[in-house]
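Next comes entry.csv, with CSV, C-alpha atoms.
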```csv
chain,number,residue,atom,x,y,z
P,1,MET,CA,-1.9,-13.4,-39.6
P,2,GLU,CA,-1.6,-14.6,-36.0
P,3,THR,CA,-3.5,-17.7,-35.2
P,4,LYS,CA,-5.6,-18.0,-32.0
P,5,LYS,CA,-3.0,-20.3,-30.6
P,6,GLN,CA,-0.2,-17.9,-31.1
P,7,GLU,CA,-2.2,-15.1,-29.5
P,8,GLU,CA,-2.9,-17.3,-26.5
P,9,ASN,CA,0.8,-18.1,-26.2
P,10,TYR,CA,1.7,-14.4,-26.3
P,11,LEU,CA,-0.9,-13.6,-23.6
P,12,SER,CA,0.3,-16.5,-21.4
P,13,SER,CA,4.0,-15.3,-21.7
P,14,LEU,CA,3.0,-11.8,-20.8
P,15,LYS,CA,1.0,-13.0,-17.8
P,16,ASN,CA,4.0,-15.1,-16.6
P,17,ALA,CA,6.3,-12.1,-17.0
P,18,LEU,CA,4.0,-9.9,-14.9
P,19,ARG,CA,3.6,-12.5,-12.2
P,20,ILE,CA,7.4,-12.9,-12.0
P,21,LEU,CA,8.0,-9.1,-11.7
P,22,ASN,CA,5.3,-8.9,-9.0
P,23,SER,CA,6.9,-11.7,-7.0
P,24,PHE,CA,9.8,-9.5,-6.1
P,25,SER,CA,9.4,-7.5,-2.9
P,26,MET,CA,11.4,-5.6,-0.2
P,27,ASP,CA,11.4,-8.9,1.8
P,28,GLU,CA,12.6,-10.9,-1.2
P,29,PRO,CA,14.5,-8.5,-3.5
P,30,GLU,CA,16.7,-11.2,-5.1
P,31,LYS,CA,15.6,-14.7,-6.4
P,32,LYS,CA,17.0,-17.6,-8.3
P,33,ILE,CA,15.2,-19.3,-11.1
P,34,GLY,CA,14.3,-22.3,-9.0
P,35,GLU,CA,12.8,-20.1,-6.2
P,36,ILE,CA,10.6,-18.3,-8.7
P,37,SER,CA,9.6,-21.6,-10.3
P,38,THR,CA,8.6,-23.1,-7.0
P,39,SER,CA,6.8,-20.0,-5.6
P,40,LEU,CA,4.7,-19.4,-8.8
P,41,GLY,CA,4.3,-23.0,-9.9
P,42,LEU,CA,6.0,-22.4,-13.3
P,43,ASN,CA,8.4,-24.7,-15.2
P,44,LYS,CA,12.1,-23.7,-14.7
P,45,SER,CA,12.5,-23.6,-18.5
P,46,THR,CA,9.5,-21.1,-18.8
P,47,VAL,CA,11.0,-18.9,-16.0
P,48,SER,CA,14.4,-19.1,-17.5
P,49,ARG,CA,13.2,-17.9,-21.0
P,50,THR,CA,11.0,-15.2,-19.4
P,51,MET,CA,13.9,-13.9,-17.3
P,52,ALA,CA,16.2,-13.8,-20.3
P,53,THR,CA,13.7,-11.6,-22.1
P,54,LEU,CA,13.1,-9.3,-19.2
P,55,ALA,CA,16.9,-9.0,-18.7
P,56,SER,CA,17.4,-8.0,-22.3
P,57,GLU,CA,15.0,-5.1,-21.8
P,58,GLY,CA,16.5,-4.1,-18.5
P,59,PHE,CA,13.6,-5.1,-16.3
P,60,VAL,CA,15.7,-7.6,-14.3
P,61,HIS,CA,19.4,-8.0,-13.6
P,62,LYS,CA,21.3,-11.2,-12.9
P,63,ASP,CA,24.2,-11.2,-10.5
P,64,PRO,CA,26.9,-13.2,-12.2
P,65,GLU,CA,28.3,-14.5,-8.9
P,66,THR,CA,25.2,-15.5,-6.9
P,67,LYS,CA,23.1,-16.3,-10.1
P,68,LYS,CA,20.2,-14.4,-8.4
P,69,TYR,CA,18.0,-11.9,-10.2
P,70,ARG,CA,16.8,-8.6,-9.0
P,71,LEU,CA,14.7,-5.9,-10.5
P,72,GLY,CA,16.5,-3.7,-13.1
P,73,LEU,CA,16.7,0.0,-13.9
P,74,SER,CA,13.8,-0.1,-16.4
P,75,ILE,CA,11.5,-0.6,-13.4
P,76,LEU,CA,12.9,2.5,-11.8
P,77,THR,CA,12.4,4.5,-14.9
P,78,LEU,CA,8.8,3.4,-15.1
P,79,SER,CA,8.2,4.2,-11.5
P,80,GLY,CA,9.5,7.7,-12.1
P,81,VAL,CA,7.0,8.2,-14.9
P,82,VAL,CA,4.2,7.0,-12.6
P,83,TYR,CA,5.2,9.3,-9.8
P,84,SER,CA,5.6,12.3,-12.1
P,85,SER,CA,2.1,11.7,-13.6
P,86,MET,CA,0.3,11.2,-10.3
P,87,ASP,CA,-1.5,14.3,-9.0
P,88,ILE,CA,-1.7,12.9,-5.5
P,89,TYR,CA,2.1,12.5,-5.3
P,90,ARG,CA,2.7,16.1,-6.4
P,91,ASP,CA,-0.2,17.6,-4.4
P,92,SER,CA,0.6,15.8,-1.2
P,93,GLN,CA,4.3,16.5,-0.9
P,94,PRO,CA,4.3,19.9,0.8
P,95,VAL,CA,1.4,18.9,3.1
P,96,LEU,CA,3.2,15.7,4.2
P,97,ASN,CA,6.5,17.6,4.8
P,98,LYS,CA,4.6,20.0,7.1
P,99,LEU,CA,2.7,17.3,8.9
P,100,VAL,CA,5.9,15.3,9.6
P,101,GLU,CA,7.6,18.4,10.8
P,102,THR,CA,4.7,19.3,13.1
P,103,LEU,CA,4.1,15.8,14.6
P,104,GLY,CA,7.5,14.3,14.3
P,105,GLU,CA,6.2,11.1,12.9
P,106,THR,CA,6.4,9.3,9.6
P,107,ALA,CA,3.6,9.9,7.1
P,108,HIS,CA,2.2,7.8,4.3
P,109,ILE,CA,-0.3,8.0,1.4
P,110,SER,CA,-2.1,4.7,0.8
P,111,VAL,CA,-4.7,3.3,-1.5
P,112,LEU,CA,-6.8,0.2,-1.6
P,113,ASP,CA,-5.5,-2.3,-4.2
P,114,HIS,CA,-7.8,-5.3,-4.4
P,115,SER,CA,-7.7,-6.8,-0.9
P,116,ASP,CA,-4.6,-4.9,0.3
P,117,VAL,CA,-3.5,-1.5,1.4
P,118,ILE,CA,-0.5,-0.4,-0.7
P,119,TYR,CA,1.7,2.6,0.2
P,120,LEU,CA,2.3,5.1,-2.6
P,121,HIS,CA,4.2,7.7,-0.9
P,122,LYS,CA,6.2,8.1,2.3
P,123,VAL,CA,7.9,11.0,4.2
P,124,GLU,CA,10.3,9.9,7.0
P,125,CYS,CA,10.5,11.6,10.3
P,126,ASN,CA,13.8,12.4,11.9
P,127,HIS,CA,13.1,10.5,15.1
P,128,PRO,CA,15.7,7.7,15.8
P,129,ILE,CA,13.0,5.1,16.2
P,130,ARG,CA,11.5,4.2,12.7
P,131,PHE,CA,9.4,1.5,11.3
P,132,LEU,CA,10.1,-0.8,8.4
P,133,THR,CA,7.5,0.6,6.0
P,134,HIS,CA,8.2,1.4,2.4
P,135,VAL,CA,6.6,2.5,-0.8
P,136,GLY,CA,5.0,-0.5,-2.5
P,137,ARG,CA,4.5,-2.4,0.8
P,138,ARG,CA,1.2,-4.2,1.2
P,139,ASN,CA,-0.7,-4.6,4.4
P,140,PRO,CA,-4.1,-6.0,5.4
P,141,PRO,CA,-6.7,-3.2,5.4
P,142,TYR,CA,-8.8,-4.2,8.4
P,143,CYS,CA,-6.1,-3.7,11.0
P,144,THR,CA,-4.3,-0.6,9.7
P,145,SER,CA,-5.7,2.9,10.2
P,146,SER,CA,-5.3,3.8,6.5
P,147,GLY,CA,-7.0,0.5,5.4
P,148,LYS,CA,-9.9,1.1,7.8
P,149,VAL,CA,-10.5,4.6,6.4
P,150,LEU,CA,-10.5,3.3,2.9
P,151,LEU,CA,-12.9,0.5,3.8
P,152,ALA,CA,-15.2,2.8,5.8
P,153,PHE,CA,-15.6,5.1,2.9
P,154,SER,CA,-16.2,2.4,0.4
P,155,ASP,CA,-19.2,0.3,-0.4
P,156,GLU,CA,-19.8,-2.5,2.1
P,157,ASP,CA,-19.3,-5.0,-0.7
P,158,VAL,CA,-15.6,-4.0,-0.7
P,159,THR,CA,-15.3,-4.9,3.0
P,160,LYS,CA,-17.2,-8.2,2.4
P,161,SER,CA,-14.8,-9.0,-0.5
P,162,VAL,CA,-11.7,-8.4,1.7
P,163,ILE,CA,-13.1,-10.6,4.4
P,164,GLU,CA,-13.9,-13.4,1.9
P,165,LYS,CA,-10.5,-13.3,0.3
P,166,LYS,CA,-8.3,-12.6,3.3
P,167,GLY,CA,-10.3,-13.6,6.3
P,168,LEU,CA,-9.7,-11.7,9.6
P,169,HIS,CA,-6.4,-13.1,10.6
P,170,LYS,CA,-5.2,-12.1,14.1
P,171,TYR,CA,-1.9,-10.3,13.7
P,172,SER,CA,-1.6,-8.8,17.1
P,173,LYS,CA,-3.4,-8.7,20.4
P,174,ASN,CA,-5.9,-5.9,19.4
P,175,THR,CA,-6.7,-7.2,15.9
P,176,ILE,CA,-10.4,-7.2,15.2
P,177,THR,CA,-11.3,-10.7,14.1
P,178,ASP,CA,-15.1,-10.6,14.3
P,179,THR,CA,-17.0,-9.6,11.2
P,180,ASP,CA,-19.9,-7.8,13.0
P,181,MET,CA,-17.4,-5.9,15.2
P,182,LEU,CA,-15.4,-4.8,12.2
P,183,HIS,CA,-18.5,-3.5,10.4
P,184,ALA,CA,-19.6,-1.6,13.5
P,185,HIS,CA,-16.0,-0.2,13.9
P,186,LEU,CA,-16.0,1.0,10.3
P,187,ARG,CA,-19.3,2.8,10.8
P,188,GLU,CA,-17.6,4.7,13.7
P,189,VAL,CA,-14.7,5.5,11.5
P,190,ARG,CA,-16.9,7.0,8.9
P,191,LYS,CA,-18.8,9.0,11.6
P,192,ASN,CA,-15.6,10.3,13.2
P,193,GLY,CA,-13.8,11.0,10.0
P,194,TYR,CA,-10.6,9.2,11.0
P,195,ALA,CA,-9.3,5.8,12.1
P,196,SER,CA,-6.7,4.7,14.6
P,197,SER,CA,-4.9,1.4,14.9
P,198,VAL,CA,-3.4,0.8,18.3
P,199,GLU,CA,-1.4,-2.4,18.2
P,200,GLU,CA,-3.7,-4.0,15.7
P,201,LEU,CA,-1.1,-5.0,13.2
P,202,LEU,CA,2.1,-4.9,15.3
P,203,ASP,CA,2.6,-4.8,19.0
P,204,GLY,CA,3.8,-1.4,20.2
P,205,VAL,CA,2.8,0.5,17.0
P,206,THR,CA,0.0,3.0,16.6
P,207,SER,CA,-1.2,4.8,13.5
P,208,ILE,CA,-3.8,7.4,12.7
P,209,ALA,CA,-5.4,8.0,9.3
P,210,ALA,CA,-7.8,10.3,7.5
P,211,PRO,CA,-9.4,10.3,4.1
P,212,ILE,CA,-8.2,12.1,0.9
P,213,TYR,CA,-11.0,13.2,-1.5
P,214,ASP,CA,-10.9,13.8,-5.2
P,215,TYR,CA,-12.6,16.7,-6.9
P,216,LYS,CA,-15.9,14.7,-7.0
P,217,GLY,CA,-15.9,14.2,-3.2
P,218,LYS,CA,-14.9,10.5,-3.5
P,219,VAL,CA,-12.4,9.1,-1.1
P,220,ILE,CA,-9.5,7.9,-3.2
P,221,ALA,CA,-6.7,7.5,-0.7
P,222,ALA,CA,-5.7,7.8,3.0
P,223,LEU,CA,-3.2,9.9,4.8
P,224,SER,CA,-1.7,8.2,7.8
P,225,ILE,CA,1.0,8.7,10.4
P,226,VAL,CA,2.7,5.9,12.4
P,227,GLY,CA,4.9,5.7,15.4
P,228,PRO,CA,5.5,3.8,18.7
P,229,LYS,CA,2.5,3.5,21.0
P,230,GLN,CA,4.2,5.5,23.7
P,231,ARG,CA,4.3,8.6,21.5
P,232,PHE,CA,0.5,8.2,20.9
P,233,PRO,CA,-1.0,8.2,24.4
P,234,ALA,CA,-4.8,7.7,24.4
P,235,HIS,CA,-5.6,11.2,25.6
P,236,LYS,CA,-3.7,12.7,22.6
P,237,ILE,CA,-5.1,10.6,19.8
P,238,GLN,CA,-8.1,12.8,19.1
P,239,SER,CA,-6.0,16.0,18.9
P,240,ILE,CA,-3.4,14.3,16.7
P,241,ALA,CA,-6.3,13.0,14.5
P,242,LYS,CA,-7.5,16.6,14.0
P,243,LYS,CA,-4.2,17.5,12.5
P,244,VAL,CA,-4.2,14.4,10.3
P,245,ILE,CA,-7.8,15.2,9.1
P,246,SER,CA,-6.8,18.8,8.4
P,247,ALA,CA,-3.8,17.7,6.4
P,248,GLY,CA,-6.0,15.2,4.5
P,249,LEU,CA,-8.3,18.0,3.6
P,250,ASP,CA,-5.4,20.2,2.5
P,251,ILE,CA,-4.3,17.5,0.1
P,252,SER,CA,-7.9,17.1,-1.1
P,253,ARG,CA,-8.2,20.8,-1.8
P,254,ASN,CA,-5.0,20.7,-3.7
P,255,MET,CA,-6.6,18.1,-5.9
P,256,GLY,CA,-9.7,20.2,-6.5
P,257,TYR,CA,-12.0,19.0,-3.7
P,258,ARG,CA,-14.5,21.5,-2.5
P,259,LYS,CA,-16.7,20.4,0.4
P,260,ILE,CA,-20.3,21.0,-0.2
P,261,ASN,CA,-22.2,21.8,3.1
```

Structure re-expressed in structure tokens:
Amino acid sequence: METKKQEENYLSSLKNALRILNSFSMDEPEKKIGEISTSLGLNKSTVSRTMATLASEGFVHKDPETKKYRLGLSILTLSGVVYSSMDIYRDSQPVLNKLVETLGETAHISVLDHSDVIYLHKVECNHPIRFLTHVGRRNPPYCTSSGKVLLAFSDEDVTKSVIEKKGLHKYSKNTITDTDMLHAHLREVRKNGYASSVEELLDGVTSIAAPIYDYKGKVIAALSIVGPKQRFPAHKIQSIAKKVISAGLDISRNMGYRKIN
């Protein structure tokens, strides 16, 4: 029979493994043992043992020349299982394809994960100017159109929690950094049914987002398009937003949503 100490050790090892896997990103796809140890505050011996276990199961792979680790094929297999089982992924695909074809801009599906917006799905446009967004990327919610939609249709406690955990850091010249202004802005987003972000996260970048509802009428995700500011002139934002709202409702209906008047 396992002792309480053994059980605690197992849980600690599992937590370390998950923290290590979550430390990899598109910005840092490869890491050495020492880098992981420093960034996570773990002993090198602990990281080394954990990586050896993860490697044996195919969750990480070690480059024999650089001695750096990267995520392994087992992660890819699991991601495929996740995508295949996600209704929103299946139900949004044809709508996203049509929206990207119509507007000529890249489209995303995003959800709120703790204090971040995380991108679940992406359909690229064919325009030569693209932006470095990717599935799994995390962004602050208060200065992205998708994040503002998700906050606007959530309880105010969610916005309060985001502000407490992240603060309102100024990423670009138009970033909202005042709490009262943000709450007022989110009320407008809820009233209008869409959000725009014009150079709030990155200079020269505009995005427009609308909510996606589940069959209960709850906002569970956001649909957004993003492109350079010059392709989103102010006088066109509202007409573009109508198309994004319509696409969001199409995805919602595919997921069983029926608006009750």

ask   = Distance atom CA of P:Ser239-atom CA of P:Tyr142, one decimal place?
value = 22.9 Å

task = Work out how far atom CA of P:His185 is from atom CA of P:Val100, in Å to one decimal.
result =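 Separation of atom CA of P:Val100 and atom CA of P:His185: 27.2 Å.
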
Which residues come within 12 Å of P:Thr50, counting only C-alpha atoms, excluding same-chain residues fewer than 3 positions away, as a PDB file with C-alpha atoms, in the frame of the given file?
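And here's result.pdb as it stands now:
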```
ATOM      1  CA  TYR P  10       1.700 -14.400 -26.300  1.00  0.00           C
ATOM      2  CA  SER P  12       0.300 -16.500 -21.400  1.00  0.00           C
ATOM      3  CA  SER P  13       4.000 -15.300 -21.700  1.00  0.00           C
ATOM      4  CA  LEU P  14       3.000 -11.800 -20.800  1.00  0.00           C
ATOM      5  CA  LYS P  15       1.000 -13.000 -17.800  1.00  0.00           C
ATOM      6  CA  ASN P  16       4.000 -15.100 -16.600  1.00  0.00           C
ATOM      7  CA  ALA P  17       6.300 -12.100 -17.000  1.00  0.00           C
ATOM      8  CA  LEU P  18       4.000  -9.900 -14.900  1.00  0.00           C
ATOM      9  CA  ARG P  19       3.600 -12.500 -12.200  1.00  0.00           C
ATOM     10  CA  ILE P  20       7.400 -12.900 -12.000  1.00  0.00           C
ATOM     11  CA  LEU P  21       8.000  -9.100 -11.700  1.00  0.00           C
ATOM     12  CA  ILE P  33      15.200 -19.300 -11.100  1.00  0.00           C
ATOM     13  CA  ILE P  36      10.600 -18.300  -8.700  1.00  0.00           C
ATOM     14  CA  SER P  37       9.600 -21.600 -10.300  1.00  0.00           C
ATOM     15  CA  LEU P  42       6.000 -22.400 -13.300  1.00  0.00           C
ATOM     16  CA  ASN P  43       8.400 -24.700 -15.200  1.00  0.00           C
ATOM     17  CA  LYS P  44      12.100 -23.700 -14.700  1.00  0.00           C
ATOM     18  CA  SER P  45      12.500 -23.600 -18.500  1.00  0.00           C
ATOM     19  CA  THR P  46       9.500 -21.100 -18.800  1.00  0.00           C
ATOM     20  CA  VAL P  47      11.000 -18.900 -16.000  1.00  0.00           C
ATOM     21  CA  THR P  53      13.700 -11.600 -22.100  1.00  0.00           C
ATOM     22  CA  LEU P  54      13.100  -9.300 -19.200  1.00  0.00           C
ATOM     23  CA  ALA P  55      16.900  -9.000 -18.700  1.00  0.00           C
ATOM     24  CA  SER P  56      17.400  -8.000 -22.300  1.00  0.00           C
ATOM     25  CA  GLU P  57      15.000  -5.100 -21.800  1.00  0.00           C
ATOM     26  CA  PHE P  59      13.600  -5.100 -16.300  1.00  0.00           C
ATOM     27  CA  VAL P  60      15.700  -7.600 -14.300  1.00  0.00           C
TER      28      VAL P  60
END
```

Contacts of stretch 190-197 of chain P at 6 Å (all atoms listed in the file; same-chain gap of 2+ positions) as a ChimeraX atom specification = /P:144-145,149,152,187-188,200,206-210

task = Could you jot down the atom CA of P:Val117 to atom CA of P:Arg138 separation for me, Å, one decimal place?
result = 5.4 Å

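Among the candidates P:Asp113, P:Asp155, P:Asp63, P:Asp203, the residue lying nearest to P:Gly136 is P:Asp113 (atoms considered: only C-alpha atoms).
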
May I have the residues within 6 Å of P:Val205 as a compact mmCIF listing (two decimals) with C-alpha atoms, keeping the file's coordinate frame, using only C-alpha atoms and disregarding those fewer than 6 positions away in the same chain?
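What ended up in part-v1.txt:
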```txt
# COMPACT_ATOMS: atom_id res chain seq x y z
CA GLU P 199 -1.40 -2.40 18.20
CA GLY P 227 4.90 5.70 15.40
CA PRO P 228 5.50 3.80 18.70
CA LYS P 229 2.50 3.50 21.00
```

query = Restricting the calculation to all atoms listed in the file, which member of P:Ile245, P:Ala52, P:Ile240, P:Ile163 is positioned closest to P:His183?
reply =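 Closest to P:His183, using all atoms listed in the file: P:Ile163.
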
request  = List the neighbours of P:Ala221 out to 9 Å using only C-alpha atoms; skip same-chain residues closer than 5 positions along the sequence, and give me the result as a list in words.
outcome  = Ile88, Ile109, Ser110, Val111, Leu112, Ser146, Val149, Leu150, Ala210, Pro211, Ile212, Tyr213 and Asp214 of chain P

task = Might you pull out every residue within 9 Å of P:Leu168, with only C-alpha atoms counted and same-chain residues fewer than 2 positions away left off, and present them as a PyMOL selection string?
result = chain P and resi 142-143+162-164+166+170-171+175-179

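Taking all atoms listed in the file into account, P:Asp250 lies nearest to P:Leu96 out of the set P:Leu103, P:Leu71, P:Ile118, P:Leu96.
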